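This report concerns only the one structure given below.
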Amino acid sequence: MSLFKAKYNDKDGKTKTAKKWYIDFRDHKGRRHKIAGYTSKKMTENLEGQIEALVACRATRTEMSLDLHQWVDRLPESMLRKFVSWGLVEGQKVHSGKPLSVQLEDWKQSLVDDGSTERHINQLFNRVKSIFNQTGFLFWTDISHSKLKNEINKIKRTVRAKDDNGNFYDKVVGPASDSTKNSYLKACKQFTNWMIEDGRAITDPLKAKSDKRKRSGKKIKAEKRAALELEELRALFDYTKNAARSYGLDGYQRYLVYLFASETGYRAGEIRSLRVCDFDFANNIARLSGDFTKNDNDAEIPLKPDTMEIIKQSFSGKMPTAPAFKLCSKSNMARMFRKDLKAAKIEIDPDRGEVVFHSLRHTTASLLAASDIHPKEAQELMRHSDINLTMSRYTHTLRGQLAKAVSQLPDLNQKPKKEQQKATGTDHHVSDDAVGKKILYPYLDKNLSEHSSLLQNTAKHALEDGVQKKPITGQKPSLSALTRMKVLGLEPKTYALKGRCSTN
């Protein structure tokens, strides 16, 4: 390899020297190439070293180092295309030089080809596009996880509102939740993963953030949702059945939605997609197409006959293709739910979690657990792929469950039958806990009634010999000794301290 400055003749025929330095080198196949460097000789020398390393990798058929990969990713598109044409770089690498706007469109098309739903595709695409525009990322090499993190932290929570002229606008009501911020990060991460998998890039600019979080053990916690108690759910139903109109729905329409969501665990979007024809009243089943489910699988959830009868009556006069339930706008579902809870005088402690419409799905899982439903059956009804998701995140401990569980423990103060038999004298000895207790007296009185005269004479002499002449501390008194104590009207504990009393 060699560096040189090219010479040329201008229009006047004068010989001049180019401002840029050029690199003359041979590739891995021995072919000679010339490529323009920079006006700075030092920068051109650095470029020469990288090209030399690239040629060496191709000649020895070894993997490029991480630094060399990153250098290739940052190459201008014109230079990258030359390296591709010479066989120094794989052809797909040329895509990394395209603007991110073009890359995002290609990613969106790949999501369509994979069969993702239109709603899911638009949500991912719009999140990545908006955050990249806010950070000013134009090319792949511009992406920085620190800049992305700072911009994601600035995201605000907005709601649709009307101004004085009746026009809608996005009203900022506060910072976005951790769940929303995490969803933006996941969307960006999905895009960068696709770039790697499609061969358009080698290194992931967001991987450093992911690895750091993994090493530190920190995770973005999912937003905790509250679950309603059975009494709270019944109070909500009692209120909404005859409540006034709110968010475009009368009280009974809201009651039907809450009842159906609590019994099936269907999400708001899934309920919105249901039609009258999706209900099988003969088998008490509500069917849901996989086009509207989160896992793309068809769902069939059974309902109680009483609930199906209520829903059937509400369908009177509706066409089979008509929506099964009337719902408010997506942005108002949580507000409508919280407003009804407040009107029903149901206060949810913030420590229990955030109150949203999705809380009814958490309520379904919690009620299944409280009803002693097998965890596998609960998982099937909740349509979760992982049992841990059902039992850990969606199942909440309802009031009274812990007290009920403790009440089912065995009586720790009650003695086993074998020990009770021991205490009544089946092996001629009394346990430590029974010594001196009145529970023995009824048994002793029964014996005394039959042998009182004989026991009175023998007990007196035996006690004098046993207590005064043969005290053995730390031993248990025999049943016969206790009998003599009872005859003399003495307390058993007194003689238990002195020693064992023998009849011999």
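Just so we're on the same page: first chain in the structure tokens is A, next is B, and so on; residues restart at 1 for each chain, and ligands are numbered from 1 in the order they show up.
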
Q) Which residues, written as a PyMOL selection string, have at least one atom at most 8 Å from region 190-195 of chain A, with only C-alpha atoms counted and residues fewer than 6 positions away on the same chain left out? A) chain A and resi 104+107+128+201+204-206

Q | Residue neighbourhood region 361-370 of chain A, 9 Å, only C-alpha atoms, exclusion window fewer than 4 positions, as a PyMOL selection string | A | chain A and resi 225-230+233+261-267+357+374-375+378-379+381-382+390-391+393-398+401

(Q) When you look at region 168-176 of chain A with a cut-off of 6 Å (counting only C-alpha atoms), what residues show up, excluding the ones that are within fewer than 5 positions of it in the same chain? I need them as a ChimeraX atom specification. (A) /A:155-162

Q) Got a sec: who's within 10 Å of Lys318 (chain A), counting only C-alpha atoms, leaving out chain neighbours fewer than 4 positions off, as a PyMOL selection string? A) chain A and resi 275-276+314+322-324

For the residues in that selection, give me all heavy atoms as a short mmCIF file (atom, residue, chain, number, x, y, z; two decimals), in the first residue's frame.
```
data_model
loop_
_atom_site.label_atom_id
_atom_site.label_comp_id
_atom_site.auth_asym_id
_atom_site.auth_seq_id
_atom_site.Cartn_x
_atom_site.Cartn_y
_atom_site.Cartn_z
N ARG A 275 -68.87 -9.37 17.64
CA ARG A 275 -70.15 -9.14 16.98
C ARG A 275 -71.19 -10.07 17.59
O ARG A 275 -70.85 -11.04 18.28
CB ARG A 275 -70.03 -9.38 15.47
CG ARG A 275 -69.05 -8.45 14.78
CD ARG A 275 -69.56 -7.02 14.78
NE ARG A 275 -68.67 -6.08 14.12
CZ ARG A 275 -67.79 -5.31 14.74
NH1 ARG A 275 -67.67 -5.40 16.07
NH2 ARG A 275 -67.04 -4.46 14.08
N VAL A 276 -72.43 -9.80 17.31
CA VAL A 276 -73.52 -10.62 17.86
C VAL A 276 -73.37 -12.07 17.44
O VAL A 276 -73.61 -13.00 18.22
CB VAL A 276 -74.89 -10.05 17.42
CG1 VAL A 276 -76.02 -10.97 17.85
CG2 VAL A 276 -75.10 -8.65 17.99
N SER A 314 -79.94 -8.42 25.75
CA SER A 314 -79.43 -7.12 25.27
C SER A 314 -79.25 -7.12 23.76
O SER A 314 -79.15 -6.05 23.15
CB SER A 314 -78.10 -6.79 25.95
OG SER A 314 -77.09 -7.69 25.53
N ALA A 322 -73.83 -6.80 13.91
CA ALA A 322 -73.75 -5.59 14.72
C ALA A 322 -72.78 -5.80 15.88
O ALA A 322 -72.59 -6.92 16.36
CB ALA A 322 -75.13 -5.22 15.26
N PRO A 323 -72.13 -4.72 16.36
CA PRO A 323 -71.24 -4.86 17.52
C PRO A 323 -72.00 -5.41 18.72
O PRO A 323 -73.13 -5.01 19.00
CB PRO A 323 -70.75 -3.43 17.76
CG PRO A 323 -70.90 -2.75 16.43
CD PRO A 323 -72.12 -3.35 15.80
N ALA A 324 -71.35 -6.32 19.44
CA ALA A 324 -72.01 -6.94 20.60
C ALA A 324 -72.20 -5.95 21.73
O ALA A 324 -73.23 -5.93 22.40
CB ALA A 324 -71.19 -8.14 21.07
#
```

Q: Using only C-alpha atoms, determine which residues lie at most 7 Å from Tyr239 (chain A), disregarding the query and same-chain residues fewer than 4 positions distant; provide the list as a ChimeraX atom specification.
A: /A:235,243,344

Generate a file of the selected residues that holds N, CA, C and O atoms, formatted as a CSV table (one decimal), in the first residue's frame.
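Once everything was written out, this is again.csv:
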```
chain,number,residue,atom,x,y,z
A,235,ALA,N,-70.5,-4.1,44.1
A,235,ALA,CA,-71.0,-2.8,44.3
A,235,ALA,C,-70.9,-2.0,43.0
A,235,ALA,O,-71.8,-1.1,42.7
A,243,ALA,N,-77.3,3.6,36.5
A,243,ALA,CA,-76.5,4.8,36.6
A,243,ALA,C,-76.9,5.7,35.4
A,243,ALA,O,-77.5,5.2,34.4
A,344,ALA,N,-69.5,4.8,42.6
A,344,ALA,CA,-70.0,3.7,43.4
A,344,ALA,C,-69.3,3.6,44.8
A,344,ALA,O,-69.5,2.7,45.6
```

Q. In Å, with one decimal, what is the gap from CA of Lys7 (chain A) to CA of His28 (chain A)?
A. 27.6 Å
